[in-house]
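Peer 1: My file is model.txt. It has compact mmCIF, C-alpha atoms:
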# COMPACT_ATOMS: atom_id res chain seq x y z
CA MET N 1 0.30 2.30 -34.56
CA SER N 2 -2.09 5.15 -33.76
CA SER N 3 -1.52 8.52 -35.40
CA HIS N 4 -2.01 10.11 -31.97
CA SER N 5 0.84 10.19 -29.46
CA MET N 6 2.22 12.10 -26.51
CA LEU N 7 4.34 14.05 -29.03
CA GLY N 8 1.59 14.70 -31.54
CA ALA N 9 2.90 14.68 -35.10
CA TYR N 10 6.42 13.92 -33.84
CA GLY N 11 5.51 10.51 -32.40
CA SER N 12 6.48 8.34 -35.36
CA TRP N 13 9.78 10.15 -35.75
CA ALA N 14 10.63 9.76 -32.05
CA ALA N 15 9.64 6.08 -32.02
CA ALA N 16 11.95 5.42 -34.96
CA LEU N 17 14.98 6.69 -33.04
CA ALA N 18 15.08 3.52 -30.94
CA GLY N 19 14.03 1.25 -33.80
CA GLU N 20 11.87 -1.86 -33.80
CA GLY N 21 14.33 -4.70 -33.30
CA PRO N 22 16.18 -5.68 -30.13
CA SER N 23 18.76 -3.06 -29.20
CA PHE N 24 22.38 -4.14 -29.01
CA LEU N 25 22.47 -4.54 -25.22
CA SER N 26 19.35 -6.70 -25.13
CA PHE N 27 20.07 -10.39 -24.69
CA ARG N 28 17.51 -10.89 -27.44
CA HIS N 29 19.98 -9.38 -29.92
CA THR N 30 21.62 -11.95 -32.20
CA HIS N 31 25.09 -10.81 -31.11
CA TRP N 32 24.64 -12.46 -27.72
CA ALA N 33 24.52 -16.19 -27.04
CA ASP N 34 26.01 -16.57 -23.56
CA PRO N 35 24.31 -14.66 -20.71
CA ALA N 36 27.58 -14.72 -18.76
CA ALA N 37 29.22 -12.68 -21.51
CA TRP N 38 26.28 -10.36 -22.11
CA ARG N 39 25.29 -9.53 -18.54
CA PRO N 40 28.47 -7.63 -17.48
CA ALA N 41 28.38 -5.52 -20.64
CA ALA N 42 24.71 -4.65 -20.21
CA ARG N 43 25.06 -3.90 -16.51
CA GLN N 44 28.11 -1.73 -17.02
CA ARG N 45 26.29 0.43 -19.55
CA PHE N 46 23.21 0.57 -17.33
CA ARG N 47 25.33 1.77 -14.42
CA GLU N 48 26.84 4.47 -16.61
CA ARG N 49 23.46 5.68 -17.81
CA VAL N 50 21.65 5.66 -14.47
CA ALA N 51 24.49 7.65 -12.82
CA MET N 52 24.07 6.55 -9.21
CA PRO N 53 25.37 8.98 -6.57
CA ASP N 54 27.66 7.90 -3.73
CA THR N 55 25.53 7.30 -0.63
CA GLY N 56 28.54 7.41 1.69
CA GLY N 57 29.02 3.82 2.80
CA ALA N 58 27.62 2.18 5.92
CA GLY N 59 26.79 5.41 7.74
CA ASP N 60 25.14 5.78 11.14
CA TYR N 61 22.67 2.90 11.63
CA SER N 62 20.44 2.51 14.68
CA VAL N 63 17.53 0.51 16.04
CA GLU N 64 15.13 3.15 17.33
CA ARG N 65 12.56 0.81 18.84
CA GLN N 66 11.79 -2.92 19.04
CA TYR N 67 8.48 -4.47 20.12
CA GLU N 68 5.94 -7.17 19.28
CA TYR N 69 2.73 -6.49 17.41
CA ASP N 70 0.18 -8.93 16.01
CA GLY N 71 2.53 -11.91 16.06
CA LEU N 72 5.45 -10.02 14.56
CA LEU N 73 8.64 -8.54 15.95
CA VAL N 74 8.77 -4.94 14.77
CA GLU N 75 12.05 -3.04 14.51
CA LYS N 76 11.92 0.69 13.80
CA LEU N 77 15.24 1.50 12.12
CA SER N 78 17.04 4.54 10.78
CA TRP N 79 20.31 5.31 9.03
CA GLN N 80 22.16 8.36 7.80
CA LEU N 81 23.39 8.59 4.23
CA SER N 82 25.91 11.20 3.13
CA TYR N 83 23.09 13.55 2.12
CA GLY N 84 19.60 14.49 3.25
CA PRO N 85 17.60 13.58 6.36
CA ARG N 86 17.85 10.19 8.07
CA THR N 87 16.23 7.28 6.28
CA GLU N 88 13.56 5.56 8.33
CA ALA N 89 12.58 1.94 7.80
CA VAL N 90 10.80 -0.91 9.51
CA LEU N 91 11.80 -4.57 9.69
CA LEU N 92 9.11 -7.18 10.34
CA LYS N 93 9.63 -10.86 11.18
CA PRO N 94 7.74 -13.55 13.10
CA ALA N 95 7.99 -13.05 16.84
CA GLY N 96 10.18 -15.75 18.36
CA ALA N 97 11.70 -16.77 15.02
CA ARG N 98 14.99 -18.64 15.34
CA GLY N 99 17.83 -19.01 12.92
CA PRO N 100 18.52 -17.04 9.74
CA LEU N 101 15.33 -16.32 7.79
CA PRO N 102 14.83 -15.65 4.11
CA GLY N 103 14.70 -11.90 3.61
CA VAL N 104 12.65 -9.67 1.35
CA LEU N 105 13.22 -6.00 0.58
CA ALA N 106 9.63 -4.76 0.28
CA LEU N 107 9.47 -1.58 -1.80
CA HIS N 108 6.62 0.85 -1.32
CA ASP N 109 4.79 2.45 -4.22
CA HIS N 110 4.62 6.02 -5.48
CA GLY N 111 0.83 6.29 -5.60
CA GLY N 112 0.85 10.09 -5.64
CA HIS N 113 1.46 9.89 -1.87
CA LYS N 114 4.90 11.15 -0.88
CA PHE N 115 4.17 12.24 2.67
CA HIS N 116 4.54 8.63 3.83
CA GLY N 117 6.78 5.79 2.70
CA TRP N 118 7.08 2.48 4.55
CA GLN N 119 3.73 3.06 6.31
CA LYS N 120 1.91 2.56 3.00
CA ILE N 121 2.51 -1.21 2.96
CA THR N 122 2.78 -2.02 6.68
CA LYS N 123 0.84 -1.83 9.92
CA THR N 124 2.94 -1.55 13.06
CA GLY N 125 0.40 -0.70 15.75
CA GLY N 126 -3.26 -0.37 16.64
CA GLU N 127 -3.47 3.18 15.31
CA GLN N 128 -2.98 3.82 11.60
CA ASN N 129 -3.25 7.06 9.66
CA ALA N 130 -6.56 7.25 7.78
CA VAL N 131 -4.69 8.15 4.60
CA ASN N 132 -2.78 4.88 4.69
CA ILE N 133 -5.87 2.85 5.57
CA ASP N 134 -7.52 4.23 2.44
CA HIS N 135 -4.36 3.68 0.39
CA GLN N 136 -4.11 0.04 1.42
CA GLU N 137 -7.79 -0.46 0.69
CA ARG N 138 -7.45 0.89 -2.85
CA ALA N 139 -4.09 -0.60 -3.81
CA TYR N 140 -3.59 -3.69 -1.64
CA GLY N 141 -6.97 -5.27 -1.00
CA GLY N 142 -7.10 -3.65 2.43
CA ALA N 143 -4.01 -5.52 3.64
CA PRO N 144 -0.51 -4.40 4.69
CA TRP N 145 1.29 -6.84 2.43
CA ALA N 146 4.66 -6.57 4.16
CA ASN N 147 3.04 -7.87 7.37
CA ARG N 148 1.36 -10.72 5.53
CA LEU N 149 4.66 -11.80 3.99
CA ALA N 150 6.53 -11.58 7.30
CA ARG N 151 4.00 -13.91 8.91
CA ARG N 152 4.96 -16.56 6.37
CA GLY N 153 8.44 -16.71 7.88
CA TYR N 154 10.33 -13.85 6.26
CA ALA N 155 12.41 -10.96 7.55
CA VAL N 156 10.90 -8.06 5.60
CA LEU N 157 12.71 -4.73 5.39
CA VAL N 158 10.67 -1.72 4.22
CA PRO N 159 12.72 1.48 3.75
CA ASP N 160 11.57 4.94 2.79
CA ALA N 161 12.55 5.91 -0.75
CA PHE N 162 14.14 9.21 -1.72
CA ALA N 163 11.49 11.98 -1.64
CA PHE N 164 9.03 9.85 0.38
CA GLY N 165 8.29 9.65 4.08
CA SER N 166 11.35 10.49 6.15
CA ARG N 167 13.18 11.32 2.91
CA ARG N 168 10.54 13.73 1.61
CA ILE N 169 11.29 17.32 0.69
CA ARG N 170 10.43 19.63 3.58
CA ILE N 171 8.59 22.80 2.61
CA ALA N 172 10.51 24.73 5.29
CA ASP N 173 13.78 24.01 3.45
CA LEU N 174 12.60 25.64 0.20
CA PRO N 175 12.58 29.22 -1.06
CA ALA N 176 9.21 30.95 -0.95
CA THR N 177 9.11 31.10 -4.75
CA ILE N 178 8.31 27.38 -5.02
CA ARG N 179 6.28 26.79 -1.85
CA ASP N 180 2.99 27.54 -3.63
CA GLY N 181 1.41 28.86 -0.47
CA MET N 182 2.50 25.99 1.79
CA ASP N 183 3.79 27.34 5.12
CA GLY N 184 6.06 24.48 6.13
CA GLN N 185 4.16 23.66 9.33
CA GLU N 186 3.68 19.93 8.86
CA ALA N 187 0.81 17.92 10.33
CA GLU N 188 -0.29 14.28 10.18
CA ASP N 189 -3.93 15.09 9.46
CA PRO N 190 -5.43 13.94 6.13
CA GLU N 191 -6.10 17.49 4.89
CA TYR N 192 -2.49 18.57 5.26
CA ILE N 193 -1.19 15.30 3.81
CA ALA N 194 -3.42 15.76 0.75
CA SER N 195 -2.14 19.34 0.35
CA TYR N 196 1.46 18.20 0.64
CA ASN N 197 0.97 15.43 -1.90
CA ARG N 198 -0.58 17.88 -4.38
CA TRP N 199 2.36 20.22 -3.91
CA ALA N 200 4.88 17.36 -4.23
CA ALA N 201 3.31 16.26 -7.52
CA GLY N 202 4.03 19.67 -9.01
CA HIS N 203 7.49 19.85 -7.46
CA GLU N 204 8.48 16.52 -8.99
CA SER N 205 9.56 18.02 -12.31
CA VAL N 206 11.63 20.66 -10.48
CA LEU N 207 13.34 17.95 -8.46
CA ALA N 208 14.01 15.77 -11.51
CA LYS N 209 15.50 18.66 -13.50
CA SER N 210 17.69 19.59 -10.56
CA LEU N 211 18.98 16.02 -10.25
CA LEU N 212 19.82 15.94 -13.96
CA SER N 213 21.64 19.24 -13.51
CA ALA N 214 23.67 17.60 -10.73
CA GLY N 215 24.77 14.80 -13.07
CA THR N 216 22.54 12.08 -11.70
CA THR N 217 19.01 10.77 -12.31
CA TRP N 218 16.06 10.12 -10.05
CA ALA N 219 16.28 6.45 -11.01
CA GLY N 220 19.96 6.51 -10.02
CA VAL N 221 19.24 8.00 -6.61
CA TRP N 222 16.52 5.45 -5.94
CA LEU N 223 18.79 2.62 -7.05
CA ALA N 224 21.74 3.77 -4.95
CA GLU N 225 19.59 4.05 -1.84
CA ASP N 226 17.88 0.71 -2.43
CA LEU N 227 21.30 -0.92 -2.86
CA HIS N 228 22.23 0.51 0.54
CA ALA N 229 19.09 -1.01 2.05
CA LEU N 230 19.90 -4.34 0.38
CA ASP N 231 23.37 -4.21 1.95
CA LEU N 232 21.78 -3.76 5.37
CA LEU N 233 19.29 -6.58 4.86
CA CYS N 234 21.93 -9.02 3.61
CA GLY N 235 24.28 -8.07 6.45
CA ARG N 236 21.86 -8.96 9.25
CA ASP N 237 22.62 -12.01 11.40
CA ASP N 238 18.96 -13.05 11.31
CA VAL N 239 18.83 -13.08 7.48
CA ASP N 240 20.18 -15.76 5.16
CA ALA N 241 21.89 -13.62 2.50
CA GLN N 242 21.63 -16.50 0.03
CA ARG N 243 17.81 -16.33 0.22
CA VAL N 244 16.89 -12.72 -0.43
CA GLY N 245 14.16 -11.36 -2.67
CA ILE N 246 12.57 -8.03 -3.54
CA GLY N 247 9.19 -6.89 -4.75
CA GLY N 248 6.73 -4.05 -4.98
CA LEU N 249 3.81 -2.46 -6.78
CA SER N 250 4.05 0.45 -9.22
CA GLY N 251 6.93 2.65 -8.05
CA GLY N 252 7.98 -0.34 -5.97
CA GLY N 253 7.82 -2.42 -9.14
CA LEU N 254 10.05 0.10 -10.89
CA ARG N 255 12.56 -0.09 -8.05
CA THR N 256 12.38 -3.88 -8.33
CA VAL N 257 13.17 -3.75 -12.06
CA TYR N 258 16.26 -1.62 -11.58
CA LEU N 259 17.66 -3.27 -8.45
CA ALA N 260 16.90 -6.87 -9.44
CA GLY N 261 18.34 -6.27 -12.89
CA LEU N 262 21.61 -5.07 -11.41
CA ASP N 263 22.36 -7.18 -8.32
CA ASP N 264 22.50 -10.99 -8.19
CA ARG N 265 22.09 -10.99 -4.42
CA VAL N 266 18.42 -10.66 -5.30
CA ARG N 267 17.68 -14.36 -5.73
CA CYS N 268 13.98 -13.85 -6.47
CA ALA N 269 12.10 -10.80 -7.77
CA VAL N 270 8.42 -9.86 -8.12
CA CYS N 271 7.52 -6.82 -10.22
CA VAL N 272 3.88 -5.78 -9.83
CA GLY N 273 2.07 -3.27 -12.02
CA MET N 274 5.17 -1.81 -13.64
CA MET N 275 6.04 -3.69 -16.82
CA THR N 276 5.68 -2.29 -20.32
CA THR N 277 7.98 -0.93 -23.05
CA TRP N 278 9.74 2.33 -23.80
CA ARG N 279 7.43 2.63 -26.81
CA ASP N 280 4.42 2.63 -24.49
CA PHE N 281 5.92 5.41 -22.38
CA LEU N 282 6.94 7.37 -25.47
CA LEU N 283 3.73 7.21 -27.47
CA ASN N 284 0.95 6.48 -25.00
CA LYS N 285 1.58 6.74 -21.30
CA SER N 286 4.35 9.15 -20.27
CA HIS N 287 1.64 11.47 -18.90
CA THR N 288 0.55 8.84 -16.37
CA HIS N 289 4.03 8.27 -14.94
CA THR N 290 6.66 9.98 -12.87
CA TRP N 291 10.17 11.18 -13.52
CA MET N 292 11.67 8.24 -11.59
CA ILE N 293 11.45 5.95 -14.62
CA TYR N 294 13.51 7.77 -17.17
CA VAL N 295 17.22 7.27 -17.84
CA PRO N 296 18.72 9.36 -20.67
CA HIS N 297 20.02 7.42 -23.70
CA LEU N 298 19.08 4.00 -22.32
CA ALA N 299 16.15 3.46 -24.70
CA THR N 300 18.47 3.14 -27.71
CA GLU N 301 20.54 0.46 -25.95
CA MET N 302 17.99 -1.77 -24.22
CA ASP N 303 14.22 -1.80 -23.86
CA TYR N 304 12.61 -1.36 -20.47
CA PRO N 305 11.94 -5.13 -20.01
CA ASP N 306 15.58 -5.83 -20.84
CA ILE N 307 16.60 -4.06 -17.62
CA LEU N 308 14.81 -6.69 -15.55
CA GLY N 309 16.02 -9.31 -18.01
CA MET N 310 19.62 -8.61 -16.97
CA ARG N 311 19.00 -10.91 -14.01
CA ALA N 312 18.26 -13.98 -16.15
CA PRO N 313 18.40 -16.85 -15.27
CA LEU N 314 17.46 -15.86 -11.69
CA PRO N 315 13.75 -16.34 -10.82
CA THR N 316 11.49 -13.46 -11.82
CA MET N 317 7.73 -12.92 -11.62
CA VAL N 318 5.77 -10.13 -13.32
CA GLN N 319 2.16 -9.35 -12.42
CA ASN N 320 -0.03 -7.11 -14.61
CA ASN N 321 -3.62 -5.89 -14.45
CA THR N 322 -5.58 -5.99 -17.70
CA GLU N 323 -7.46 -2.71 -17.05
CA ASP N 324 -4.47 -0.84 -15.61
CA PRO N 325 -4.82 2.76 -16.88
CA LEU N 326 -1.09 3.38 -16.48
CA PHE N 327 -0.19 1.08 -19.38
CA THR N 328 -1.38 -0.12 -22.77
CA LEU N 329 -2.38 -3.79 -22.66
CA THR N 330 -0.76 -4.59 -26.01
CA GLU N 331 2.56 -3.18 -24.79
CA MET N 332 2.32 -5.06 -21.47
CA ARG N 333 1.89 -8.24 -23.49
CA ARG N 334 4.75 -7.25 -25.77
CA ALA N 335 6.96 -6.76 -22.71
CA ASP N 336 5.99 -10.24 -21.53
CA VAL N 337 7.09 -11.68 -24.87
CA MET N 338 10.43 -9.88 -24.58
CA LEU N 339 11.15 -11.20 -21.10
CA ARG N 340 10.02 -14.69 -22.02
CA GLN N 341 12.42 -14.64 -24.99
CA VAL N 342 15.27 -13.56 -22.72
CA TYR N 343 14.62 -16.36 -20.23
CA GLU N 344 14.12 -19.02 -22.88
CA LYS N 345 17.34 -17.98 -24.61
CA ALA N 346 19.07 -18.29 -21.22
CA ASP N 347 17.63 -21.83 -20.85
CA ALA N 348 15.61 -20.68 -17.85
CA GLY N 349 12.04 -20.53 -19.09
CA ASP N 350 10.76 -22.18 -15.91
CA ARG N 351 12.23 -19.34 -13.83
CA TYR N 352 10.08 -16.67 -15.44
CA SER N 353 6.40 -16.20 -14.67
CA CYS N 354 4.01 -13.54 -15.95
CA SER N 355 0.31 -13.27 -15.14
CA PHE N 356 -2.50 -10.92 -16.13
CA TYR N 357 -5.25 -10.24 -13.58
CA ALA N 358 -8.63 -8.59 -14.09
CA GLY N 359 -8.88 -5.09 -12.71
CA GLU N 360 -7.03 -1.81 -12.49
CA HIS N 361 -3.73 -0.78 -10.89
CA LYS N 362 -3.37 -2.91 -7.74
CA PHE N 363 -1.62 -5.67 -5.78
CA ASP N 364 -4.65 -7.34 -4.23
CA ILE N 365 -4.89 -10.41 -2.01
CA ALA N 366 -5.02 -12.93 -4.87
CA MET N 367 -1.95 -11.35 -6.47
CA GLN N 368 -0.17 -11.27 -3.13
CA GLU N 369 -0.81 -14.98 -2.60
CA ASP N 370 0.68 -15.80 -6.00
CA ALA N 371 3.67 -13.56 -5.31
CA PHE N 372 4.25 -15.06 -1.87
CA ASP N 373 4.05 -18.58 -3.31
CA TRP N 374 6.73 -17.53 -5.80
CA PHE N 375 8.96 -16.31 -2.97
CA ASP N 376 8.33 -19.58 -1.11
CA ARG N 377 9.23 -21.63 -4.17
CA TRP N 378 12.66 -20.05 -4.54
CA LEU N 379 13.56 -18.78 -1.06
CA ALA N 380 11.83 -20.88 1.60
CA GLU N 381 14.39 -23.70 1.72
CA PRO N 382 18.16 -23.22 2.16
In structure tokens, write the structure found in this file.
Peer 2:
Amino acid sequence: MSSHSMLGAYGSWAAALAGEGPSFLSFRHTHWADPAAWRPAARQRFRERVAMPDTGGAGDYSVERQYEYDGLLVEKLSWQLSYGPRTEAVLLKPAGARGPLPGVLALHDHGGHKFHGWQKITKTGGEQNAVNIDHQERAYGGAPWANRLARRGYAVLVPDAFAFGSRRIRIADLPATIRDGMDGQEAEDPEYIASYNRWAAGHESVLAKSLLSAGTTWAGVWLAEDLHALDLLCGRDDVDAQRVGIGGLSGGGLRTVYLAGLDDRVRCAVCVGMMTTWRDFLLNKSHTHTWMIYVPHLATEMDYPDILGMRAPLPTMVQNNTEDPLFTLTEMRRADVMLRQVYEKADAGDRYSCSFYAGEHKFDIAMQEDAFDWFDRWLAEP
């Protein structure tokens, strides 16, 4: 272990707090033999730690617009939770599709781009903001992956996450002391969007501290709102609720880890570019990540891969990039070993897949094809 860490001389001491061996609520711990006995205990503690807020039930749900584009039926949706502005989302499915389809909750990334949400992984018309064109080029091989998956016969729901897109913090709602010169007059041009995203990066720590002061966590808010979106997807007449998956890159991968670990309605999960260990965050990489990851006290009870492992034996795929600057390769490989041990102990080794791809932080076309094949394997047939 390097003598350098995010905590300087305190790194070794901090790393020792969680210890080296499997924590008690990891299925890898010798105390557990039956996943059916372990899973409820682990999930209960996870729920306690993540401290999800109440989103207010079904709320006001509406279809704002419905039309066809590029072989897909596009539904622009919105719903009102018990707090904050309306959540906007888009649902994509093949035009003319009949019968219940397999569904996927497609989770957008963080990417340092909070001004938009669902638009980052979709294309719903001939015109597209230049910021999102560039984003898709850098992160997704130039492709709106939610569209590509929908064309394979899926109903794909893409909601805005808390603090992104329709759920972003509006400058006009803030006191002047934390506006940092922003005037609150929003615009869709790239210059303003870049300015907003720079401001939002600095505001993130303020928002996270405020959420902790309210008795919740950013991870808990994300999870509660994604559970609400999952409820909506599973409740649709055109979706087979027994064939539902989720997936996403980076922040979308984080949301996949937490939601798929907690809810068995997620029959198939794909986590892209968001798998490592608490030790990696602690010693090496906390400076490259956002506040959404961290859940107080959880690191002494289960490692980060164990959260996703709570879904074993349900099918799970993890995709990593070997030159990803957000993680340490040795810890990504260590996380793979942990998850593989969980699945093998649950007699489900064939339901876990992990791959390492050349390149930096991305979900490119080759990775998408592998992920979509994984969805097809477990969700395509009733």
Peer 1: So what do you get for CA of Val342 (chain N) versus CA of Trp32 (chain N), distance-wise?
Peer 2: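 For CA of Val342 (chain N) relative to CA of Trp32 (chain N), the distance reads 10.7 Å.
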Peer 1: Need to verify the contact set: Asp350 (chain N), 12 Å, all atoms listed in the file, exclusion of same-chain residues closer than 5 positions in sequence. Can you return it as a PyMOL selection string?
Peer 2: chain N and resi 312-317+340-345+374+377-378
Peer 1: Go ahead and write the selection's residues with C-alpha atoms as a compact mmCIF listing (two decimals), in the frame of the given file.
Peer 2:
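Output file selection_30.txt follows:
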# COMPACT_ATOMS: atom_id res chain seq x y z
CA ALA N 312 18.26 -13.98 -16.15
CA PRO N 313 18.40 -16.85 -15.27
CA LEU N 314 17.46 -15.86 -11.69
CA PRO N 315 13.75 -16.34 -10.82
CA THR N 316 11.49 -13.46 -11.82
CA MET N 317 7.73 -12.92 -11.62
CA ARG N 340 10.02 -14.69 -22.02
CA GLN N 341 12.42 -14.64 -24.99
CA VAL N 342 15.27 -13.56 -22.72
CA TYR N 343 14.62 -16.36 -20.23
CA GLU N 344 14.12 -19.02 -22.88
CA LYS N 345 17.34 -17.98 -24.61
CA TRP N 374 6.73 -17.53 -5.80
CA ARG N 377 9.23 -21.63 -4.17
CA TRP N 378 12.66 -20.05 -4.54
Peer 1: Using all atoms listed in the file, list the residues that have an atom at most 9 Å from (14.3, 5.7, -17.0), coordinates as in the file, as a ChimeraX atom specification.
Peer 2: /N:50,217-219,278,291-299,304
Peer 1: Using only C-alpha atoms, which of the listed residues (N:Phe24, N:Ala146, N:Ala229, N:Leu223) sits closest to Ala89 (chain N)?
Peer 2: N:Ala229
Peer 1: Taking (5.7, -2.3, 3.5) as a centre in this file's frame and 6 Å as the limit, can you find every polymer residue with an atom that close, using all atoms listed in the file, and give them as a PyMOL selection string?
Peer 2: chain N and resi 106+108+118+121-122+146+158
Peer 1: So what do you get for CA of Asp364 (chain N) versus CA of Gly103 (chain N), distance-wise?
Peer 2: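 Those two atoms sit 21.4 Å apart.
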Peer 1: What is the distance, in Å and to one decimal place, between CA of Glu225 (chain N) and CA of Gln368 (chain N)?
Peer 2: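 Between CA of Glu225 (chain N) and CA of Gln368 (chain N) the gap is 25.0 Å.
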Peer 1: When you count all atoms listed in the file, which of these residues is closest to Arg243 (chain N): N:Phe375, N:Phe356, N:Phe27, N:Phe164?
Peer 2: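 So, comparing all the options, the nearest one is N:Phe375.
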Peer 1: For Pro100 (chain N), which of N:Ala241, N:Leu339, N:Leu227, N:Val74 is the closest residue, counting only C-alpha atoms?
Peer 2: N:Ala241
Peer 1: Between N:His287, N:Arg167, N:Lys120, N:Arg65, which one has atoms that come closest to Thr87 (chain N), using all atoms listed in the file?
Peer 2: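 With all atoms listed in the file as the atom set, the closest residue is N:Arg167.
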Peer 1: Could you name the residues that touch Lys76 (chain N) at 8 Å or less, counting all atoms listed in the file, but leaving out those on the same chain fewer than 4 positions away, as a list in words?
Peer 2: Val63, Glu64, Arg65, Gln66, Glu88, Ala89, Val90 and Leu91 of chain N
Peer 1: Between N:Ile307, N:Met182, N:Met367, N:Ala201, which one has atoms that come closest to Thr256 (chain N), using all atoms listed in the file?
Peer 2: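 Closest to Thr256 (chain N), using all atoms listed in the file: N:Ile307.
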Peer 1: Quick one: of N:Leu72, N:Ala41, N:Ile178, N:Ala366, who's nearest to Met302 (chain N), counting all atoms listed in the file?
Peer 2: N:Ala41
Peer 1: Can you tell me, as a list in words, what residues are no more than 10 Å from Leu249 (chain N) when counting all atoms listed in the file, ignoring any on the same chain fewer than 4 positions away?
Peer 2: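 With the cut-off at 10 Å, the set is Ala106, Leu107, His108, Asp109, His110, Gly111, Ile121, Ala139, Tyr140, Gly253, Leu254, Arg255, Thr256, Val270, Cys271, Val272, Gly273, Met274, Gln319, Asn320, His361, Lys362 and Phe363 of chain N.
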Peer 1: Determine the axis-aligned bounding box of all atoms of region 75-91 of chain N present in the file, pad each side by 6 Å, and express its centre and edge lengths in Å to one decimal place as JSON.
Peer 2:
{"center_x": 18.4, "center_y": 5.0, "center_z": 8.3, "size_x": 27.1, "size_y": 31.1, "size_z": 24.4}
